[in-house]
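Visitor: Here it is, the structure, as structure tokens.
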Amino acid sequence: MIVAIVNNDDAHFVNTGLTTGGFHVTKISSTGGFLMNGNSTFLLGVEDELVDSALEIIKTHSKKRTQFVPTMPNGSGNVFGSAGTKVSVGGATAFVMDVEKCLHF
Ligand code: 2BA
């Protein structure tokens, strides 16, 4: 099982790349805890021998970007000083885990 968190700007391309590559994908709308921006979380049930191929597609379509953070997005104040700060976001963050069973009913 791959769980991959992807920037919303890249999500369409990751989705298209994975589905045209033959992978079954579930896309969940999610929110980053730090910036509180929307992102997309992909769930992929993948056979072991196809994990690297799926990760390569995700990597290909996920870009690194710099985001300026003027204040804490949750309104708790400016923890970075008056000038704010730049945060590097992405490409993608992926977790690969073993699955005991996969059942379709
Ligand atoms: P956010 O939590 O909104 O984080 C956005 C970016 O802010 C992160 O980019 C990182 O560069 C920075 N950041 C996050 N927490 C920080 C902190 N405590 N102090 C300083 N900077 C911090 P990415 O690492 O590329 O993460 C992008 C998104 O991926 C995250 O959005 C979060 O939704 C998810 N993510 C990343 N690592 C994760 C993890 N270990 N577990 C769960 N979700 C994760």
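Just remember, in the structure tokens the first chain shown is A, the second B, etc., residues are 1-based per chain, and ligands are 1-based in the order shown.
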What does the list of residues within 12 Å of ligand 1 look like if you count only C-alpha atoms and all ligand atoms, written as a VMD selection string?
Guide: chain A and resid 3 to 8 28 to 42 62 to 69 72 to 74 79 to 80 85 to 95
Visitor: Suppose we keep C-alpha atoms; can you now write the selection as a PDB file, in the first residue's frame?
Guide:
ATOM      1  CA  VAL A   3      -0.056   6.549   0.786  1.00  0.00           C
ATOM      2  CA  ALA A   4       1.198   9.636  -1.058  1.00  0.00           C
ATOM      3  CA  ILE A   5       0.535  13.264  -0.134  1.00  0.00           C
ATOM      4  CA  VAL A   6       0.720  15.491  -3.190  1.00  0.00           C
ATOM      5  CA  ASN A   7       0.384  19.234  -3.774  1.00  0.00           C
ATOM      6  CA  ASN A   8      -3.050  20.067  -5.232  1.00  0.00           C
ATOM      7  CA  ILE A  28      -8.718  11.953  -0.850  1.00  0.00           C
ATOM      8  CA  SER A  29      -8.902  15.697  -0.270  1.00  0.00           C
ATOM      9  CA  SER A  30      -6.648  16.467   2.698  1.00  0.00           C
ATOM     10  CA  THR A  31      -5.131  19.402   4.565  1.00  0.00           C
ATOM     11  CA  GLY A  32      -1.519  19.881   5.665  1.00  0.00           C
ATOM     12  CA  GLY A  33      -1.278  20.374   9.422  1.00  0.00           C
ATOM     13  CA  PHE A  34       1.433  23.021   9.207  1.00  0.00           C
ATOM     14  CA  LEU A  35       0.351  25.347   6.394  1.00  0.00           C
ATOM     15  CA  MET A  36      -3.326  24.309   6.598  1.00  0.00           C
ATOM     16  CA  ASN A  37      -3.416  24.287   2.790  1.00  0.00           C
ATOM     17  CA  GLY A  38      -5.417  21.753   0.828  1.00  0.00           C
ATOM     18  CA  ASN A  39      -3.455  18.858  -0.625  1.00  0.00           C
ATOM     19  CA  SER A  40      -4.359  15.466  -2.075  1.00  0.00           C
ATOM     20  CA  THR A  41      -3.696  12.088  -0.519  1.00  0.00           C
ATOM     21  CA  PHE A  42      -3.531   9.103  -2.866  1.00  0.00           C
ATOM     22  CA  SER A  62       5.346  16.148  -8.180  1.00  0.00           C
ATOM     23  CA  LYS A  63       7.270  19.408  -8.176  1.00  0.00           C
ATOM     24  CA  LYS A  64       9.134  21.058  -5.326  1.00  0.00           C
ATOM     25  CA  ARG A  65       7.998  24.633  -4.701  1.00  0.00           C
ATOM     26  CA  THR A  66       8.753  27.403  -2.254  1.00  0.00           C
ATOM     27  CA  GLN A  67       5.885  28.982  -0.383  1.00  0.00           C
ATOM     28  CA  PHE A  68       6.021  32.248   1.543  1.00  0.00           C
ATOM     29  CA  VAL A  69       4.393  32.049   4.972  1.00  0.00           C
ATOM     30  CA  MET A  72       0.794  31.022  11.092  1.00  0.00           C
ATOM     31  CA  PRO A  73      -2.165  30.025   8.883  1.00  0.00           C
ATOM     32  CA  ASN A  74      -4.253  29.009  11.888  1.00  0.00           C
ATOM     33  CA  VAL A  79       6.030  32.646  14.687  1.00  0.00           C
ATOM     34  CA  PHE A  80       8.582  33.640  12.047  1.00  0.00           C
ATOM     35  CA  THR A  85       9.559  32.966   6.103  1.00  0.00           C
ATOM     36  CA  LYS A  86       9.823  30.718   3.055  1.00  0.00           C
ATOM     37  CA  VAL A  87       8.937  27.050   3.339  1.00  0.00           C
ATOM     38  CA  SER A  88       9.935  24.368   0.849  1.00  0.00           C
ATOM     39  CA  VAL A  89       6.930  22.197  -0.018  1.00  0.00           C
ATOM     40  CA  GLY A  90       6.926  18.886  -1.866  1.00  0.00           C
ATOM     41  CA  GLY A  91       7.390  17.188  -4.309  1.00  0.00           C
ATOM     42  CA  ALA A  92       5.382  14.393  -2.680  1.00  0.00           C
ATOM     43  CA  THR A  93       5.573  12.635   0.673  1.00  0.00           C
ATOM     44  CA  ALA A  94       5.025   8.891   0.272  1.00  0.00           C
ATOM     45  CA  PHE A  95       4.631   6.096   2.790  1.00  0.00           C
TER      46      PHE A  95
END
Visitor: Step one, run DSSP on the backbone; step two, keep only residues of stretch 8-101 of chain A assigned to helix (DSSP H, G or I); then write them as a PyMOL selection string.
Guide: chain A and resi 8-20+48-61
Visitor: Please return, as a PyMOL selection string, all residues of chain A that DSSP assigns to strand (DSSP E or B) on the basis of the backbone.
Guide: chain A and resi 2-7+25-31+38-44+65-69+85-89+92-96
Visitor: Keeping only C-alpha atoms, write the selected residues to a file as a short mmCIF file (atom, residue, chain, number, x, y, z; two decimals), in the first residue's frame.
Guide:
data_model
loop_
_atom_site.label_atom_id
_atom_site.label_comp_id
_atom_site.auth_asym_id
_atom_site.auth_seq_id
_atom_site.Cartn_x
_atom_site.Cartn_y
_atom_site.Cartn_z
CA ILE A 2 1.28 3.44 -0.94
CA VAL A 3 -0.06 6.55 0.79
CA ALA A 4 1.20 9.64 -1.06
CA ILE A 5 0.53 13.26 -0.13
CA VAL A 6 0.72 15.49 -3.19
CA ASN A 7 0.38 19.23 -3.77
CA VAL A 25 -6.12 4.89 -7.13
CA THR A 26 -8.24 6.57 -4.47
CA LYS A 27 -7.74 10.32 -4.14
CA ILE A 28 -8.72 11.95 -0.85
CA SER A 29 -8.90 15.70 -0.27
CA SER A 30 -6.65 16.47 2.70
CA THR A 31 -5.13 19.40 4.56
CA GLY A 38 -5.42 21.75 0.83
CA ASN A 39 -3.46 18.86 -0.63
CA SER A 40 -4.36 15.47 -2.07
CA THR A 41 -3.70 12.09 -0.52
CA PHE A 42 -3.53 9.10 -2.87
CA LEU A 43 -4.13 5.53 -1.69
CA LEU A 44 -2.81 2.81 -3.98
CA ARG A 65 8.00 24.63 -4.70
CA THR A 66 8.75 27.40 -2.25
CA GLN A 67 5.89 28.98 -0.38
CA PHE A 68 6.02 32.25 1.54
CA VAL A 69 4.39 32.05 4.97
CA THR A 85 9.56 32.97 6.10
CA LYS A 86 9.82 30.72 3.06
CA VAL A 87 8.94 27.05 3.34
CA SER A 88 9.93 24.37 0.85
CA VAL A 89 6.93 22.20 -0.02
CA ALA A 92 5.38 14.39 -2.68
CA THR A 93 5.57 12.64 0.67
CA ALA A 94 5.03 8.89 0.27
CA PHE A 95 4.63 6.10 2.79
CA VAL A 96 4.93 2.45 1.72
#
